[in-house]
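Containing PDB, C-alpha atoms and all ligand atoms: upload.pdb.
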ATOM      1  CA  MET A   1      37.248  19.657 -12.743
ATOM      2  CA  SER A   2      34.850  18.246 -15.293
ATOM      3  CA  VAL A   3      33.454  14.735 -15.303
ATOM      4  CA  ASN A   4      32.100  13.345 -18.522
ATOM      5  CA  ILE A   5      31.099   9.728 -17.986
ATOM      6  CA  THR A   6      31.835   7.729 -21.121
ATOM      7  CA  ALA A   7      31.826   4.020 -21.962
ATOM      8  CA  ALA A   8      35.470   3.926 -20.865
ATOM      9  CA  SER A   9      35.343   6.103 -17.715
ATOM     10  CA  LEU A  10      35.518   3.095 -15.401
ATOM     11  CA  ALA A  11      37.579   0.840 -17.660
ATOM     12  CA  GLY A  12      39.917  -1.295 -15.562
ATOM     13  CA  ARG A  13      37.732  -0.930 -12.477
ATOM     14  CA  VAL A  14      36.400  -4.011 -10.677
ATOM     15  CA  ALA A  15      33.007  -3.349  -9.108
ATOM     16  CA  VAL A  16      30.976  -5.417  -6.663
ATOM     17  CA  VAL A  17      27.318  -4.548  -6.181
ATOM     18  CA  THR A  18      25.275  -6.218  -3.451
ATOM     19  CA  GLY A  19      21.500  -6.269  -3.683
ATOM     20  CA  ALA A  20      21.926  -6.297  -7.453
ATOM     21  CA  SER A  21      18.887  -8.425  -8.303
ATOM     22  CA  SER A  22      16.518  -5.430  -8.214
ATOM     23  CA  GLY A  23      16.115  -1.707  -7.664
ATOM     24  CA  ILE A  24      19.112   0.485  -6.918
ATOM     25  CA  GLY A  25      21.665  -2.343  -7.013
ATOM     26  CA  GLU A  26      20.496  -3.597 -10.390
ATOM     27  CA  ALA A  27      20.589  -0.071 -11.827
ATOM     28  CA  CYS A  28      24.084   0.492 -10.400
ATOM     29  CA  ALA A  29      25.360  -2.746 -11.938
ATOM     30  CA  LEU A  30      24.004  -1.765 -15.344
ATOM     31  CA  ARG A  31      25.396   1.778 -15.146
ATOM     32  CA  LEU A  32      28.845   0.794 -13.885
ATOM     33  CA  ALA A  33      29.150  -1.890 -16.569
ATOM     34  CA  ALA A  34      28.079   0.637 -19.220
ATOM     35  CA  ALA A  35      30.880   2.907 -17.973
ATOM     36  CA  GLY A  36      33.412   0.116 -18.521
ATOM     37  CA  ALA A  37      33.734  -1.573 -15.116
ATOM     38  CA  ARG A  38      33.679  -5.324 -14.744
ATOM     39  CA  VAL A  39      30.883  -5.968 -12.286
ATOM     40  CA  ALA A  40      30.246  -8.786  -9.808
ATOM     41  CA  VAL A  41      26.565  -8.829  -8.879
ATOM     42  CA  VAL A  42      25.533 -10.294  -5.535
ATOM     43  CA  ALA A  43      22.065 -11.238  -4.232
ATOM     44  CA  ARG A  44      20.055 -14.337  -3.344
ATOM     45  CA  ARG A  45      17.810 -14.635  -6.428
ATOM     46  CA  GLU A  46      19.889 -16.612  -8.890
ATOM     47  CA  GLN A  47      17.568 -16.245 -11.879
ATOM     48  CA  ARG A  48      17.424 -12.454 -11.567
ATOM     49  CA  LEU A  49      21.207 -12.254 -11.436
ATOM     50  CA  ALA A  50      21.547 -14.536 -14.469
ATOM     51  CA  GLU A  51      19.176 -12.269 -16.423
ATOM     52  CA  LEU A  52      21.129  -9.196 -15.343
ATOM     53  CA  VAL A  53      24.439 -10.698 -16.454
ATOM     54  CA  THR A  54      22.894 -11.567 -19.815
ATOM     55  CA  ARG A  55      21.687  -7.957 -20.216
ATOM     56  CA  ILE A  56      25.091  -6.537 -19.332
ATOM     57  CA  GLU A  57      26.897  -8.909 -21.688
ATOM     58  CA  LYS A  58      24.449  -8.158 -24.505
ATOM     59  CA  ASP A  59      25.420  -4.502 -24.146
ATOM     60  CA  GLY A  60      29.108  -5.430 -24.414
ATOM     61  CA  GLY A  61      29.881  -5.377 -20.673
ATOM     62  CA  THR A  62      31.429  -7.948 -18.359
ATOM     63  CA  ALA A  63      29.643  -9.311 -15.306
ATOM     64  CA  LEU A  64      29.787 -12.182 -12.859
ATOM     65  CA  ALA A  65      26.787 -13.461 -10.900
ATOM     66  CA  ILE A  66      27.395 -14.474  -7.296
ATOM     67  CA  THR A  67      24.325 -15.952  -5.663
ATOM     68  CA  ALA A  68      24.870 -15.387  -1.961
ATOM     69  CA  ASP A  69      23.303 -14.129   1.249
ATOM     70  CA  VAL A  70      25.215 -11.133   2.615
ATOM     71  CA  THR A  71      24.182 -12.013   6.170
ATOM     72  CA  ASP A  72      26.423 -15.098   5.890
ATOM     73  CA  PRO A  73      30.021 -14.025   6.594
ATOM     74  CA  ALA A  74      31.517 -17.212   5.132
ATOM     75  CA  ALA A  75      29.520 -16.727   1.914
ATOM     76  CA  MET A  76      30.927 -13.192   1.632
ATOM     77  CA  ARG A  77      34.478 -14.470   2.066
ATOM     78  CA  ILE A  78      33.856 -16.998  -0.718
ATOM     79  CA  ALA A  79      32.345 -14.223  -2.862
ATOM     80  CA  ALA A  80      35.422 -12.064  -2.330
ATOM     81  CA  ASP A  81      37.720 -14.943  -3.314
ATOM     82  CA  ARG A  82      35.685 -15.471  -6.478
ATOM     83  CA  VAL A  83      35.886 -11.808  -7.429
ATOM     84  CA  ARG A  84      39.646 -11.798  -6.931
ATOM     85  CA  SER A  85      40.200 -14.963  -8.934
ATOM     86  CA  GLU A  86      37.915 -13.911 -11.832
ATOM     87  CA  PHE A  87      38.556 -10.144 -12.016
ATOM     88  CA  GLY A  88      41.362  -9.236  -9.574
ATOM     89  CA  ASP A  89      40.912  -7.130  -6.442
ATOM     90  CA  ALA A  90      37.657  -5.181  -6.198
ATOM     91  CA  ASP A  91      38.167  -1.396  -6.258
ATOM     92  CA  LEU A  92      34.513  -0.276  -6.181
ATOM     93  CA  VAL A  93      32.155  -1.882  -3.691
ATOM     94  CA  VAL A  94      28.525  -0.764  -3.653
ATOM     95  CA  ASN A  95      27.391  -2.094  -0.280
ATOM     96  CA  ASN A  96      23.717  -1.820  -0.988
ATOM     97  CA  ALA A  97      21.580  -4.830   0.017
ATOM     98  CA  GLY A  98      18.954  -3.741   2.525
ATOM     99  CA  VAL A  99      15.399  -4.120   3.712
ATOM    100  CA  MET A 100      12.808  -1.745   5.204
ATOM    101  CA  LEU A 101      10.149  -3.230   7.477
ATOM    102  CA  PRO A 102       8.411  -0.435   9.369
ATOM    103  CA  ALA A 103       6.004  -0.981  12.261
ATOM    104  CA  PRO A 104       5.174   1.065  15.360
ATOM    105  CA  VAL A 105       7.611   0.125  18.102
ATOM    106  CA  GLN A 106       4.837  -0.867  20.515
ATOM    107  CA  GLU A 107       3.788  -3.674  18.184
ATOM    108  CA  LEU A 108       7.044  -5.428  19.094
ATOM    109  CA  ALA A 109       7.671  -6.817  15.604
ATOM    110  CA  ILE A 110      10.891  -8.262  16.957
ATOM    111  CA  ASP A 111      11.505 -10.647  14.057
ATOM    112  CA  GLN A 112      11.345  -7.713  11.643
ATOM    113  CA  TRP A 113      13.637  -5.629  13.873
ATOM    114  CA  GLN A 114      16.152  -8.463  13.752
ATOM    115  CA  GLN A 115      15.823  -8.940  10.001
ATOM    116  CA  GLN A 116      16.663  -5.272   9.418
ATOM    117  CA  ILE A 117      19.550  -5.304  11.893
ATOM    118  CA  ASP A 118      20.954  -8.546  10.424
ATOM    119  CA  LEU A 119      20.855  -7.284   6.842
ATOM    120  CA  ASN A 120      21.270  -3.495   7.051
ATOM    121  CA  ILE A 121      24.004  -3.646   9.690
ATOM    122  CA  GLY A 122      25.258  -7.263   9.801
ATOM    123  CA  GLY A 123      25.253  -7.690   6.033
ATOM    124  CA  VAL A 124      26.966  -4.348   5.506
ATOM    125  CA  MET A 125      29.694  -5.374   7.969
ATOM    126  CA  ASN A 126      30.169  -8.798   6.343
ATOM    127  CA  VAL A 127      30.759  -7.109   2.996
ATOM    128  CA  ILE A 128      33.216  -4.690   4.586
ATOM    129  CA  ALA A 129      35.027  -7.569   6.275
ATOM    130  CA  ALA A 130      35.266  -9.515   3.033
ATOM    131  CA  PHE A 131      36.318  -6.669   0.718
ATOM    132  CA  THR A 132      38.300  -4.061   2.697
ATOM    133  CA  GLY A 133      41.583  -5.904   2.095
ATOM    134  CA  GLN A 134      40.934  -5.895  -1.643
ATOM    135  CA  LEU A 135      39.960  -2.216  -1.660
ATOM    136  CA  VAL A 136      43.155  -1.229   0.139
ATOM    137  CA  ALA A 137      45.311  -3.420  -2.106
ATOM    138  CA  ALA A 138      43.582  -2.124  -5.251
ATOM    139  CA  ALA A 139      43.947   1.496  -4.126
ATOM    140  CA  ALA A 140      47.670   0.980  -3.501
ATOM    141  CA  GLU A 141      48.062  -0.478  -6.971
ATOM    142  CA  ARG A 142      45.660   1.693  -8.997
ATOM    143  CA  GLY A 143      45.646   4.962  -7.007
ATOM    144  CA  VAL A 144      42.038   4.945  -5.811
ATOM    145  CA  ALA A 145      39.189   2.666  -4.683
ATOM    146  CA  ASP A 146      35.626   3.295  -3.534
ATOM    147  CA  LEU A 147      33.424   1.914  -0.797
ATOM    148  CA  VAL A 148      29.891   3.198  -1.358
ATOM    149  CA  ASN A 149      27.486   2.334   1.442
ATOM    150  CA  THR A 150      23.771   2.743   0.739
ATOM    151  CA  SER A 151      22.267   4.567   3.679
ATOM    152  CA  SER A 152      19.071   6.657   3.412
ATOM    153  CA  ILE A 153      17.604   9.978   4.450
ATOM    154  CA  ALA A 154      16.151   7.757   7.182
ATOM    155  CA  ALA A 155      19.587   8.158   8.793
ATOM    156  CA  GLN A 156      18.860  11.855   9.390
ATOM    157  CA  ASN A 157      15.098  12.363   9.588
ATOM    158  CA  ILE A 158      12.228  11.338  11.845
ATOM    159  CA  PHE A 159       9.713   8.861  10.411
ATOM    160  CA  PRO A 160       7.324   7.541  13.080
ATOM    161  CA  GLY A 161       6.993   3.766  12.709
ATOM    162  CA  PHE A 162      10.347   3.451  10.940
ATOM    163  CA  ALA A 163      12.573   3.685  14.038
ATOM    164  CA  VAL A 164      14.533   0.457  13.604
ATOM    165  CA  TYR A 165      15.091   1.012   9.888
ATOM    166  CA  CYS A 166      16.176   4.601  10.607
ATOM    167  CA  GLY A 167      18.517   3.321  13.322
ATOM    168  CA  THR A 168      20.167   0.866  10.954
ATOM    169  CA  LYS A 169      20.688   3.590   8.373
ATOM    170  CA  ALA A 170      22.079   6.021  10.961
ATOM    171  CA  TYR A 171      24.567   3.256  11.723
ATOM    172  CA  VAL A 172      25.540   3.056   8.045
ATOM    173  CA  THR A 173      26.007   6.810   7.708
ATOM    174  CA  HIS A 174      28.041   7.198  10.876
ATOM    175  CA  LEU A 175      30.073   4.084  10.140
ATOM    176  CA  SER A 176      30.884   5.516   6.719
ATOM    177  CA  ARG A 177      32.160   8.756   8.248
ATOM    178  CA  GLN A 178      34.367   6.808  10.627
ATOM    179  CA  LEU A 179      35.695   4.471   7.937
ATOM    180  CA  ARG A 180      36.428   7.434   5.713
ATOM    181  CA  ALA A 181      38.891   8.705   8.292
ATOM    182  CA  GLU A 182      40.581   5.307   8.509
ATOM    183  CA  LEU A 183      40.615   4.362   4.843
ATOM    184  CA  GLY A 184      41.078   7.770   3.219
ATOM    185  CA  PRO A 185      44.811   7.775   3.984
ATOM    186  CA  ASN A 186      44.919   4.458   2.077
ATOM    187  CA  LYS A 187      43.293   6.140  -0.951
ATOM    188  CA  VAL A 188      40.009   4.354  -0.380
ATOM    189  CA  ARG A 189      37.152   6.848  -0.669
ATOM    190  CA  VAL A 190      34.146   6.054   1.504
ATOM    191  CA  SER A 191      30.748   7.484   0.633
ATOM    192  CA  ALA A 192      27.348   7.259   2.282
ATOM    193  CA  LEU A 193      24.491   7.473  -0.197
ATOM    194  CA  GLU A 194      21.327   8.881   1.327
ATOM    195  CA  PRO A 195      18.413   8.675  -1.095
ATOM    196  CA  GLY A 196      14.871   9.812  -0.431
ATOM    197  CA  ILE A 197      12.109   7.623  -1.834
ATOM    198  CA  VAL A 198      13.092   5.563  -4.873
ATOM    199  CA  GLY A 199      10.550   3.414  -6.716
ATOM    200  CA  THR A 200      11.836  -0.138  -6.127
ATOM    201  CA  GLU A 201      10.778  -3.446  -4.595
ATOM    202  CA  LEU A 202      11.773  -2.079  -1.164
ATOM    203  CA  GLN A 203       8.232  -0.886  -0.504
ATOM    204  CA  THR A 204       6.700  -4.227  -1.574
ATOM    205  CA  HIS A 205       8.022  -5.980   1.547
ATOM    206  CA  VAL A 206       6.190  -3.596   3.871
ATOM    207  CA  THR A 207       3.350  -5.256   5.806
ATOM    208  CA  ASP A 208       2.371  -2.518   8.284
ATOM    209  CA  ALA A 209      -0.965  -0.930   7.313
ATOM    210  CA  GLY A 210      -0.024   2.565   8.527
ATOM    211  CA  ALA A 211       3.259   2.555   6.645
ATOM    212  CA  LEU A 212       1.569   1.240   3.500
ATOM    213  CA  GLU A 213      -0.960   4.051   3.697
ATOM    214  CA  TRP A 214       1.828   6.626   4.162
ATOM    215  CA  LEU A 215       3.745   5.230   1.188
ATOM    216  CA  ALA A 216       0.617   5.236  -1.003
ATOM    217  CA  GLY A 217      -0.024   8.868  -0.066
ATOM    218  CA  ALA A 218       3.591   9.750  -0.861
ATOM    219  CA  LYS A 219       3.282   8.099  -4.268
ATOM    220  CA  GLU A 220       0.190  10.155  -5.053
ATOM    221  CA  SER A 221       1.837  13.406  -4.027
ATOM    222  CA  MET A 222       5.218  13.185  -5.771
ATOM    223  CA  GLU A 223       7.225  11.488  -8.478
ATOM    224  CA  PHE A 224       9.578   8.982  -6.807
ATOM    225  CA  LEU A 225      13.213   8.811  -7.844
ATOM    226  CA  ASP A 226      14.125   6.178 -10.407
ATOM    227  CA  PRO A 227      16.872   3.667  -9.464
ATOM    228  CA  ALA A 228      18.816   4.926 -12.482
ATOM    229  CA  ASP A 229      19.042   8.342 -10.788
ATOM    230  CA  ILE A 230      20.988   6.776  -7.941
ATOM    231  CA  ALA A 231      23.100   4.699 -10.322
ATOM    232  CA  GLU A 232      24.128   7.821 -12.246
ATOM    233  CA  THR A 233      25.302   9.369  -8.981
ATOM    234  CA  VAL A 234      27.341   6.273  -8.098
ATOM    235  CA  ALA A 235      28.982   6.285 -11.534
ATOM    236  CA  PHE A 236      29.720   9.994 -11.105
ATOM    237  CA  LEU A 237      31.372   9.635  -7.720
ATOM    238  CA  ALA A 238      33.455   6.693  -8.920
ATOM    239  CA  ALA A 239      34.593   8.656 -11.969
ATOM    240  CA  LEU A 240      35.765  11.677  -9.961
ATOM    241  CA  PRO A 241      39.495  12.412  -9.750
ATOM    242  CA  PRO A 242      41.118  10.374  -6.929
ATOM    243  CA  ARG A 243      41.536  13.468  -4.739
ATOM    244  CA  VAL A 244      37.748  14.064  -4.609
ATOM    245  CA  ASN A 245      35.507  12.142  -2.206
ATOM    246  CA  LEU A 246      31.763  12.761  -1.981
ATOM    247  CA  GLN A 247      31.473  11.642   1.613
ATOM    248  CA  GLN A 248      27.717  11.914   1.988
ATOM    249  CA  VAL A 249      25.255  12.323  -0.854
ATOM    250  CA  THR A 250      21.608  13.169  -0.238
ATOM    251  CA  ILE A 251      19.418  12.615  -3.301
ATOM    252  CA  MET A 252      15.761  13.565  -2.990
ATOM    253  CA  PRO A 253      12.740  13.445  -5.229
ATOM    254  CA  THR A 254      12.097  17.088  -6.024
ATOM    255  CA  GLY A 255       8.640  16.760  -4.506
ATOM    256  CA  GLN A 256       9.784  15.190  -1.206
ATOM    257  CA  ALA A 257      10.276  17.717   1.572
ATOM    258  CA  SER A 258      12.057  15.519   4.142
TER
HETATM  259  P1  LIG A 301      15.034  -3.644  -3.424
HETATM  260  O1  LIG A 301      14.141  -4.399  -2.510
HETATM  261  O2  LIG A 301      14.629  -3.474  -4.844
HETATM  262  O3  LIG A 301      16.488  -4.277  -3.399
HETATM  263  C1  LIG A 301      17.040  -4.915  -2.274
HETATM  264  C2  LIG A 301      18.133  -5.846  -2.772
HETATM  265  O4  LIG A 301      18.764  -6.446  -1.644
HETATM  266  C3  LIG A 301      17.615  -6.958  -3.654
HETATM  267  O5  LIG A 301      18.494  -7.127  -4.735
HETATM  268  C4  LIG A 301      17.650  -8.167  -2.751
HETATM  269  O6  LIG A 301      17.878  -9.309  -3.544
HETATM  270  C5  LIG A 301      18.870  -7.841  -1.904
HETATM  271  N1  LIG A 301      18.895  -8.591  -0.667
HETATM  272  C6  LIG A 301      17.939  -8.646   0.287
HETATM  273  N2  LIG A 301      18.324  -9.472   1.271
HETATM  274  C7  LIG A 301      19.546  -9.949   0.920
HETATM  275  C8  LIG A 301      20.454 -10.848   1.518
HETATM  276  N3  LIG A 301      20.200 -11.416   2.705
HETATM  277  N4  LIG A 301      21.607 -11.133   0.870
HETATM  278  C9  LIG A 301      21.875 -10.566  -0.331
HETATM  279  N5  LIG A 301      21.066  -9.694  -0.935
HETATM  280  C10 LIG A 301      19.907  -9.395  -0.312
HETATM  281  O7  LIG A 301      15.237  -2.234  -2.732
HETATM  282  P2  LIG A 301      16.154  -0.955  -3.079
HETATM  283  O8  LIG A 301      16.856  -1.124  -4.348
HETATM  284  O9  LIG A 301      15.299   0.217  -2.866
HETATM  285  O10 LIG A 301      17.166  -1.024  -1.856
HETATM  286  C11 LIG A 301      18.563  -0.962  -1.991
HETATM  287  C12 LIG A 301      19.113  -0.175  -0.818
HETATM  288  O11 LIG A 301      18.670   1.174  -0.916
HETATM  289  C13 LIG A 301      18.681  -0.670   0.552
HETATM  290  O12 LIG A 301      19.779  -0.642   1.420
HETATM  291  C14 LIG A 301      17.645   0.369   0.973
HETATM  292  O13 LIG A 301      17.544   0.468   2.362
HETATM  293  C15 LIG A 301      18.223   1.613   0.338
HETATM  294  N6  LIG A 301      17.306   2.735   0.138
HETATM  295  C16 LIG A 301      16.186   2.589  -0.615
HETATM  296  C17 LIG A 301      15.310   3.647  -0.758
HETATM  297  C18 LIG A 301      14.041   3.515  -1.509
HETATM  298  O14 LIG A 301      13.164   4.398  -1.353
HETATM  299  N7  LIG A 301      13.853   2.505  -2.329
HETATM  300  C19 LIG A 301      15.591   4.958  -0.160
HETATM  301  C20 LIG A 301      16.818   5.010   0.585
HETATM  302  C21 LIG A 301      17.629   3.941   0.716
HETATM  303  P3  LIG A 301      17.498 -10.835  -3.194
HETATM  304  O15 LIG A 301      16.111 -10.803  -2.597
HETATM  305  O16 LIG A 301      17.584 -11.496  -4.527
HETATM  306  O17 LIG A 301      18.552 -11.311  -2.248
END
Would you mind writing the file out in structure tokens?
Ligand code: NDP
Amino acid sequence: MSVNITAASLAGRVAVVTGASSGIGEACALRLAAAGARVAVVARREQRLAELVTRIEKDGGTALAITADVTDPAAMRIAADRVRSEFGDADLVVNNAGVMLPAPVQELAIDQWQQQIDLNIGGVMNVIAAFTGQLVAAAAERGVADLVNTSSIAAQNIFPGFAVYCGTKAYVTHLSRQLRAELGPNKVRVSALEPGIVGTELQTHVTDAGALEWLAGAKESMEFLDPADIAETVAFLAALPPRVNLQQVTIMPTGQAS
């Protein structure tokens, strides 16, 4: 098996990327479009999405901006209808929107717990509810489809102060393993992406002083991953022969131990 990703590797594919207005999602949208997929980009910041679509189109790609909140199930159903009517059934869903709001559990930052649960679990499920039918239909027609859920090494490791975030990501990883067993027989590959630290806006939402200090120390001690590193991996797994499914992909900065 050899995979050489060219400008036509994903031609004919219909991708949906949530959380595409920055960071990993934005990089994935750019990379998938450069590999020939038509890409629907989903997030709340309309202007960012418009700029992204312009960039993709300038490079000869095709993209559709869908300004929507993934925590709203009705908005996701509308998004899915739009994708189908503009591009046909989605066959590559990068279920990526997420937020990380660490704080020691005894501080009872209950609003932030809920925000992470609503987005990292609820949002992920809304996207799955809206797009699974399309993935199955597309796989039946085209021979393969991909559901790529962005988890984290937080799903596996212990990070004091990050318990709720880690819990939401453990949910995503375990869910992905379960869905793989259900959807694999329908030719839908399910993958859990588990990156270590990537330099994105994720860290800018952190308010907890201890976590900020830890992140600043981490930045001093290692070179963070670039979002494009994750995007390259997503393009690679989507370009693999239909029989091959990378079920769980851990991608670490070389300098990050765990
Ligand atoms: P960013 O903060 O750069 O991106 C998060 C994206 O999610 C943005 O596009 C944001 O757009 C979108 N988003 C947030 N809330 C919603 C919502 N309610 N509805 C729709 N979109 C929403 O962070 P990353 O790129 O780093 O994060 C992407 C994923 O990667 C997350 O799931 C994160 O947990 C995971 N991850 C990140 C790591 C890192 O170190 N950066 C490591 C491991 C995993 P908008 O505000 O416009 O809606």
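The smallest atom-to-atom distance between Phe87 (chain A) and any of A:Cys166, A:Val3, A:Ala181, A:Val39, using only C-alpha atoms, is found for A:Val39.
The residue that comes closest to ligand LIG 301 (chain A), out of A:Asp89, A:Glu26, A:Asp59, A:Asp81 and on the basis of only C-alpha atoms and all ligand atoms, is A:Glu26.
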Run the PyMOL selection byres (((not hetatm)) within 8 of (chain A and resi 301)) against the file shown and list the residues it catches, as number ranges by chain. A: 18-26, 42-46, 48-49, 67-72, 95-100, 119-120, 123, 150-154, 165, 169, 193-205, 224-225, 227
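Nearest to Asn245 (chain A) of all the residues A:Glu213, A:Asp146, A:Ile158, A:Ser221 is A:Asp146, counting only C-alpha atoms.
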What separates CA of Leu237 (chain A) and CA of Gln178 (chain A) is a distance of 18.8 Å
Kindly provide, as JSON, the centre and edge lengths (Å, one decimal) of an axis-aligned box around all atoms of region 35-50 of chain A given in the file, with 3 Å on each side.
{"center_x": 25.6, "center_y": -6.9, "center_z": -10.9, "size_x": 22.3, "size_y": 25.5, "size_z": 21.2}
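Minimum atom-to-atom distances from A:Asn149, A:Thr207, A:Asn126, A:Asn157 to Pro102 (chain A) were compared using only C-alpha atoms, and the lowest value belongs to A:Thr207.
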For Gly143 (chain A), the nearest of the candidates A:Ala209, A:Ala216, A:Pro242, A:Ala37, counting only C-alpha atoms: A:Pro242
What residues have an atom no more than 12 Å from (24.6, -10.3, -16.2) in the file's own frame, counting all atoms listed in the file, and can you write them as a count of residues only? 36
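What the PyMOL selection byres (((chain A and resi 189) around 8) and not hetatm) picks from this file is Val144, Ala145, Asp146, Leu147, Arg180, Leu183, Gly184, Lys187, Val188, Val190, Ser191, Asn245 and Gln247 of chain A.
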Report as a ChimeraX atom specification all protein, DNA and RNA residues lying within 6 Å of region 8-13 of chain A, evaluated on only C-alpha atoms, omitting residues in the same chain fewer than 2 positions from it. /A:5-6,35-37
With C-alpha atoms retained, write the just-selected residues as a short mmCIF file (atom, residue, chain, number, x, y, z; two decimals), in the frame of the given file.
data_model
loop_
_atom_site.label_atom_id
_atom_site.label_comp_id
_atom_site.auth_asym_id
_atom_site.auth_seq_id
_atom_site.Cartn_x
_atom_site.Cartn_y
_atom_site.Cartn_z
CA ILE A 5 31.10 9.73 -17.99
CA THR A 6 31.84 7.73 -21.12
CA ALA A 35 30.88 2.91 -17.97
CA GLY A 36 33.41 0.12 -18.52
CA ALA A 37 33.73 -1.57 -15.12
#
Residue by residue, what does the PyMOL selection byres (((chain A and resi 160) around 9) and not hetatm) grab here? Present the result as a PDB file with C-alpha atoms, in the coordinates of the input.
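After the write, selection08.pdb holds the following:
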ATOM      1  CA  PRO A 102       8.411  -0.435   9.369  1.00  0.00           C
ATOM      2  CA  ALA A 103       6.004  -0.981  12.261  1.00  0.00           C
ATOM      3  CA  PRO A 104       5.174   1.065  15.360  1.00  0.00           C
ATOM      4  CA  VAL A 105       7.611   0.125  18.102  1.00  0.00           C
ATOM      5  CA  ILE A 158      12.228  11.338  11.845  1.00  0.00           C
ATOM      6  CA  PHE A 159       9.713   8.861  10.411  1.00  0.00           C
ATOM      7  CA  GLY A 161       6.993   3.766  12.709  1.00  0.00           C
ATOM      8  CA  PHE A 162      10.347   3.451  10.940  1.00  0.00           C
ATOM      9  CA  ALA A 163      12.573   3.685  14.038  1.00  0.00           C
TER      10      ALA A 163
END
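Distance-wise, CA of Ala74 (chain A) and CA of Thr132 (chain A) end up 15.0 Å apart.
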One number please: CA of Arg84 (chain A) to CA of Val136 (chain A), in Å, one decimal. 13.2 Å
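Minimum atom-to-atom distance to Ala155 (chain A), evaluated using only C-alpha atoms, belongs to A:Ala170 out of A:Ala130, A:Ile110, A:Cys28, A:Ala170.
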So which residues touch Thr233 (chain A) within 10 Å, counting only C-alpha atoms, skipping near sequence neighbours fewer than 3 positions away, as a VMD selection string? chain A and resid 28 31 193 228 to 230 236 to 239 249 251
Where atoms are missing, can you supply all heavy atoms for region 230-234 of chain A and output the lot as an mmCIF file, keeping the file's coordinate frame?
data_model
loop_
_atom_site.group_PDB
_atom_site.id
_atom_site.type_symbol
_atom_site.label_atom_id
_atom_site.label_comp_id
_atom_site.auth_asym_id
_atom_site.auth_seq_id
_atom_site.Cartn_x
_atom_site.Cartn_y
_atom_site.Cartn_z
ATOM 1 N N ILE A 230 19.974 7.095 -8.961
ATOM 2 C CA ILE A 230 20.988 6.776 -7.941
ATOM 3 C C ILE A 230 22.225 6.191 -8.625
ATOM 4 O O ILE A 230 23.369 6.523 -8.288
ATOM 5 C CB ILE A 230 20.432 5.761 -6.898
ATOM 6 C CG1 ILE A 230 19.043 6.183 -6.390
ATOM 7 C CG2 ILE A 230 21.428 5.586 -5.755
ATOM 8 C CD1 ILE A 230 18.966 7.551 -5.764
ATOM 9 N N ALA A 231 21.982 5.336 -9.619
ATOM 10 C CA ALA A 231 23.100 4.699 -10.322
ATOM 11 C C ALA A 231 23.985 5.736 -11.005
ATOM 12 O O ALA A 231 25.216 5.628 -11.007
ATOM 13 C CB ALA A 231 22.553 3.706 -11.340
ATOM 14 N N GLU A 232 23.357 6.769 -11.572
ATOM 15 C CA GLU A 232 24.128 7.821 -12.246
ATOM 16 C C GLU A 232 25.047 8.516 -11.237
ATOM 17 O O GLU A 232 26.197 8.856 -11.530
ATOM 18 C CB GLU A 232 23.156 8.831 -12.880
ATOM 19 C CG GLU A 232 23.781 9.749 -13.898
ATOM 20 C CD GLU A 232 24.361 9.002 -15.100
ATOM 21 O OE1 GLU A 232 23.844 7.940 -15.473
ATOM 22 O OE2 GLU A 232 25.369 9.492 -15.636
ATOM 23 N N THR A 233 24.516 8.715 -10.041
ATOM 24 C CA THR A 233 25.302 9.369 -8.981
ATOM 25 C C THR A 233 26.480 8.492 -8.567
ATOM 26 O O THR A 233 27.589 8.990 -8.334
ATOM 27 C CB THR A 233 24.385 9.642 -7.771
ATOM 28 O OG1 THR A 233 23.234 10.345 -8.239
ATOM 29 C CG2 THR A 233 25.091 10.469 -6.718
ATOM 30 N N VAL A 234 26.256 7.192 -8.476
ATOM 31 C CA VAL A 234 27.341 6.273 -8.098
ATOM 32 C C VAL A 234 28.425 6.274 -9.184
ATOM 33 O O VAL A 234 29.629 6.339 -8.879
ATOM 34 C CB VAL A 234 26.796 4.849 -7.846
ATOM 35 C CG1 VAL A 234 27.930 3.855 -7.645
ATOM 36 C CG2 VAL A 234 25.866 4.852 -6.629
#
